[in-house]
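One structure is given below, encoded as structure tokens.
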Amino acid sequence: MNNGLAVAIMVASLLVGGACLAAAARNRWLDQWHLIALGVVELGVLAQTVVAVIALIGGDRPVELATFIGYLIVTTLFLPAAVGLSILEPTRWGSVIAGSASIVVAILMLRLLQTWTPLR
Amino acid sequence: MTGPRAINSGPGRVLVGLYGLFALSAWARAGVQIATKFHVAPLAYVLSAVSAAIYLVAMIGLIRGGRGGRRLAIACCSVELIGVLAVGTLTLIDSSAFPDATVWSDFGRGYGFVPLVLPVLGLLWLRATPQP
């Protein structure tokens, strides 16, 4: 796990989530730039997943291995699933879905950091 | 934007997403707990799995909609509300009954009390939408 990347993802996902909820408040679905921004957050998450998997293969063992792997899988798949659901509902409520999901990604990233703390 | 809607559109889809998230997290939690330390607190871990199943079925009811979906969702939301209130109260009165946390412990505090709010939101939404 890369701490700097994790913090960057958390800040970005909170900002993007806020922007999506702002669209919901204006009774609108997402604009294209929201979707691009969500894509950038997911790219960050994927990069973090790669870093974590490489560290695991390299022999690092998180304190709570099973929990960490569970969170890693959920975190990686979560945002694409939520954006998919949002696309099915192209109204303000779709913006609520994507916005909440992006904020949840920040929480998931925090839990990942907490369950990581590798034992070397 | 106003006016009656089917239960599986608009805010209903937000509920579907929330139920999906909780089904997933409860499954993940139960899976990890049962696989790694089932003997520590079998009751708590089985309860985690049961709550996961209820979230999943509630989500299916909300997605399907119609008469059957609505009935399924009402049943699941009610069981959930009773479950979170019962387990929440039990964990406060007698914490030894649940030596390890479940989704519903302390009224779902570990999950920002969403497990307590979710069935209430679900029931309100089902009430607000027209009967088929």
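In the structure tokens, chains take the letters A, B, ... in the order shown, each chain's residues start at 1, and ligands count up from 1 in the order shown.
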>> I need the chain A residues near chain B as a list in words; criterion: at most 7 Å, counting only C-alpha atoms.
In response: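 Contact residues on the first chain: Ala66, Thr67, Gly70, Ala82, Glu89, Trp93 and Ile97 of chain A.
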Go ahead and write the selection's residues with N, CA and C atoms as a compact mmCIF listing (two decimals), in the first residue's frame.
# COMPACT_ATOMS: atom_id res chain seq x y z
N ALA A 66 -6.95 -11.85 5.73
CA ALA A 66 -8.22 -12.18 5.08
C ALA A 66 -9.09 -10.93 4.94
N THR A 67 -9.16 -10.14 6.00
CA THR A 67 -9.96 -8.91 5.96
C THR A 67 -9.42 -7.97 4.90
N GLY A 70 -10.39 -9.13 1.48
CA GLY A 70 -11.81 -8.85 1.29
C GLY A 70 -12.05 -7.39 0.92
N ALA A 82 -21.22 0.76 -8.93
CA ALA A 82 -22.09 1.87 -8.58
C ALA A 82 -22.34 2.77 -9.79
N GLU A 89 -29.97 4.65 -14.00
CA GLU A 89 -30.90 5.60 -13.40
C GLU A 89 -30.42 7.02 -13.72
N TRP A 93 -31.25 10.84 -8.97
CA TRP A 93 -30.98 9.73 -8.05
C TRP A 93 -29.75 8.95 -8.50
N ILE A 97 -26.43 8.06 -6.25
CA ILE A 97 -25.76 6.76 -6.19
C ILE A 97 -24.25 6.93 -6.42
>> Applying 9 Å and only C-alpha atoms, which residues near region 104-110 of chain A remain after dropping the ones on its own chain fewer than 6 positions away? List them as a PyMOL selection string.
In response: chain A and resi 6-7+9-14+17+41+45+71-72+74-75+78-79
>> Ranking A:Cys20, A:Ile87, A:Ala81, A:Ile73 by minimum distance to Gln48 (chain A) and counting only C-alpha atoms, which one comes first?
In response: A:Ile73
> What's the 6 Å shell around region 79-88 of chain B, counting only C-alpha atoms, without same-chain residues fewer than 6 positions away, as a ChimeraX atom specification?
Replying inline: /B:104-107,119
> If we count only C-alpha atoms, what is near Gly69 (chain B) at a cut-off of 10 Å, once residues fewer than 6 positions away on the same chain are taken out, given as a list in words?
Replying inline: Ile7, Asn8, Val57, Ala58, Met59, Ile60, Gly61, Leu62, Ile63 and Ala75 of chain B
Write the residues of the preceding selection, restricted to N, CA and C atoms, as a short mmCIF file (atom, residue, chain, number, x, y, z; two decimals), in the first residue's frame.
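File out_5.cif, as written:
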data_model
loop_
_atom_site.label_atom_id
_atom_site.label_comp_id
_atom_site.auth_asym_id
_atom_site.auth_seq_id
_atom_site.Cartn_x
_atom_site.Cartn_y
_atom_site.Cartn_z
N ILE B 7 -41.39 1.00 -7.48
CA ILE B 7 -40.44 0.90 -6.37
C ILE B 7 -39.01 0.69 -6.85
N ASN B 8 -38.84 0.29 -8.12
CA ASN B 8 -37.47 0.03 -8.57
C ASN B 8 -36.92 1.15 -9.46
N VAL B 57 -31.78 -10.56 -0.27
CA VAL B 57 -33.16 -10.81 -0.68
C VAL B 57 -33.93 -9.49 -0.77
N ALA B 58 -33.69 -8.58 0.17
CA ALA B 58 -34.34 -7.27 0.10
C ALA B 58 -33.97 -6.57 -1.20
N MET B 59 -32.70 -6.67 -1.58
CA MET B 59 -32.25 -6.03 -2.82
C MET B 59 -32.96 -6.64 -4.02
N ILE B 60 -33.09 -7.96 -4.01
CA ILE B 60 -33.77 -8.64 -5.13
C ILE B 60 -35.23 -8.18 -5.19
N GLY B 61 -35.89 -8.08 -4.02
CA GLY B 61 -37.27 -7.61 -3.99
C GLY B 61 -37.41 -6.21 -4.57
N LEU B 62 -36.47 -5.34 -4.20
CA LEU B 62 -36.52 -3.95 -4.68
C LEU B 62 -36.26 -3.88 -6.19
N ILE B 63 -35.38 -4.75 -6.69
CA ILE B 63 -35.09 -4.74 -8.13
C ILE B 63 -36.29 -5.26 -8.92
N ALA B 75 -41.17 -7.67 3.83
CA ALA B 75 -40.82 -8.71 4.80
C ALA B 75 -39.36 -8.55 5.25
#
>> For the structure I just gave you, how does DSSP split chain A - specifically, which residues are alpha helix (DSSP H)? Reply as a VMD selection string.
In response: chain A and resid 3 to 25 32 to 57 65 to 88 92 to 116
With C-alpha atoms retained, write the just-selected residues as a tab-separated table (two decimals), in the first residue's frame.
chain	number	residue	atom	x	y	z
A	3	ASN	CA	0.23	5.92	1.70
A	4	GLY	CA	0.58	8.96	-0.54
A	5	LEU	CA	-1.57	7.36	-3.23
A	6	ALA	CA	-4.15	6.32	-0.63
A	7	VAL	CA	-4.45	9.88	0.68
A	8	ALA	CA	-4.68	11.23	-2.89
A	9	ILE	CA	-7.46	8.72	-3.67
A	10	MET	CA	-9.35	9.64	-0.49
A	11	VAL	CA	-9.18	13.38	-1.21
A	12	ALA	CA	-10.12	12.89	-4.87
A	13	SER	CA	-13.00	10.53	-4.15
A	14	LEU	CA	-14.45	12.90	-1.55
A	15	LEU	CA	-14.20	15.84	-3.99
A	16	VAL	CA	-15.71	13.89	-6.89
A	17	GLY	CA	-18.41	12.51	-4.60
A	18	GLY	CA	-19.26	16.04	-3.47
A	19	ALA	CA	-19.45	17.18	-7.11
A	20	CYS	CA	-21.86	14.33	-7.95
A	21	LEU	CA	-24.06	15.16	-4.96
A	22	ALA	CA	-24.00	18.82	-6.05
A	23	ALA	CA	-25.39	17.68	-9.42
A	24	ALA	CA	-28.09	15.75	-7.53
A	25	ALA	CA	-28.91	18.90	-5.54
A	32	GLN	CA	-19.41	13.81	-18.85
A	33	TRP	CA	-16.68	15.34	-16.68
A	34	HIS	CA	-18.17	13.69	-13.58
A	35	LEU	CA	-17.86	10.32	-15.30
A	36	ILE	CA	-14.27	11.08	-16.34
A	37	ALA	CA	-13.44	12.15	-12.77
A	38	LEU	CA	-14.98	8.93	-11.40
A	39	GLY	CA	-12.86	7.04	-13.93
A	40	VAL	CA	-9.72	8.79	-12.65
A	41	VAL	CA	-10.58	7.82	-9.05
A	42	GLU	CA	-11.04	4.21	-10.17
A	43	LEU	CA	-7.67	4.32	-11.99
A	44	GLY	CA	-6.10	5.39	-8.70
A	45	VAL	CA	-7.85	2.52	-6.92
A	46	LEU	CA	-6.62	0.05	-9.55
A	47	ALA	CA	-3.06	1.38	-9.21
A	48	GLN	CA	-3.31	0.93	-5.44
A	49	THR	CA	-4.58	-2.62	-5.94
A	50	VAL	CA	-1.60	-3.41	-8.17
A	51	VAL	CA	0.79	-1.96	-5.56
A	52	ALA	CA	-0.87	-4.05	-2.83
A	53	VAL	CA	-0.85	-7.27	-4.86
A	54	ILE	CA	2.83	-6.79	-5.73
A	55	ALA	CA	3.60	-6.21	-2.03
A	56	LEU	CA	1.64	-9.36	-1.09
A	57	ILE	CA	3.51	-11.40	-3.70
A	65	LEU	CA	-4.75	-10.78	5.81
A	66	ALA	CA	-8.22	-12.18	5.08
A	67	THR	CA	-9.96	-8.91	5.96
A	68	PHE	CA	-7.48	-6.97	3.87
A	69	ILE	CA	-8.04	-9.15	0.81
A	70	GLY	CA	-11.81	-8.85	1.29
A	71	TYR	CA	-11.61	-5.08	1.41
A	72	LEU	CA	-9.24	-5.04	-1.57
A	73	ILE	CA	-11.68	-6.97	-3.77
A	74	VAL	CA	-14.69	-4.89	-2.66
A	75	THR	CA	-12.82	-1.61	-3.12
A	76	THR	CA	-11.66	-2.49	-6.62
A	77	LEU	CA	-15.09	-3.55	-7.90
A	78	PHE	CA	-17.24	-1.11	-5.97
A	79	LEU	CA	-17.06	2.10	-7.99
A	80	PRO	CA	-17.62	0.47	-11.43
A	81	ALA	CA	-20.68	-1.35	-10.04
A	82	ALA	CA	-22.09	1.87	-8.58
A	83	VAL	CA	-21.47	3.85	-11.78
A	84	GLY	CA	-23.19	1.06	-13.72
A	85	LEU	CA	-26.23	1.39	-11.46
A	86	SER	CA	-26.09	5.17	-11.85
A	87	ILE	CA	-26.17	4.83	-15.65
A	88	LEU	CA	-29.33	2.71	-15.30
A	92	ARG	CA	-30.78	13.05	-9.90
A	93	TRP	CA	-30.98	9.73	-8.05
A	94	GLY	CA	-28.26	8.33	-10.29
A	95	SER	CA	-26.10	11.25	-9.15
A	96	VAL	CA	-26.89	10.36	-5.52
A	97	ILE	CA	-25.76	6.76	-6.19
A	98	ALA	CA	-22.46	7.76	-7.84
A	99	GLY	CA	-21.77	10.51	-5.27
A	100	SER	CA	-22.39	8.28	-2.26
A	101	ALA	CA	-20.35	5.50	-3.82
A	102	SER	CA	-17.40	7.81	-4.39
A	103	ILE	CA	-17.51	8.89	-0.73
A	104	VAL	CA	-17.70	5.23	0.34
A	105	VAL	CA	-14.49	4.63	-1.67
A	106	ALA	CA	-12.72	7.06	0.68
A	107	ILE	CA	-13.95	5.03	3.67
A	108	LEU	CA	-12.91	1.74	2.02
A	109	MET	CA	-9.44	3.17	1.30
A	110	LEU	CA	-9.13	4.19	4.97
A	111	ARG	CA	-10.14	0.67	6.10
A	112	LEU	CA	-7.60	-0.79	3.64
A	113	LEU	CA	-4.86	1.33	5.20
A	114	GLN	CA	-5.97	0.26	8.69
A	115	THR	CA	-5.98	-3.45	7.87
A	116	TRP	CA	-2.68	-3.23	5.98
>> Just the number, please: distance in Å from CA of Leu118 (chain B) to CA of Tyr19 (chain B), one decimal.
In response: 8.1 Å
> How many Å lie between CA of Leu126 (chain B) and CA of Asn27 (chain A), rounded to one decimal?
Replying inline: 22.2 Å
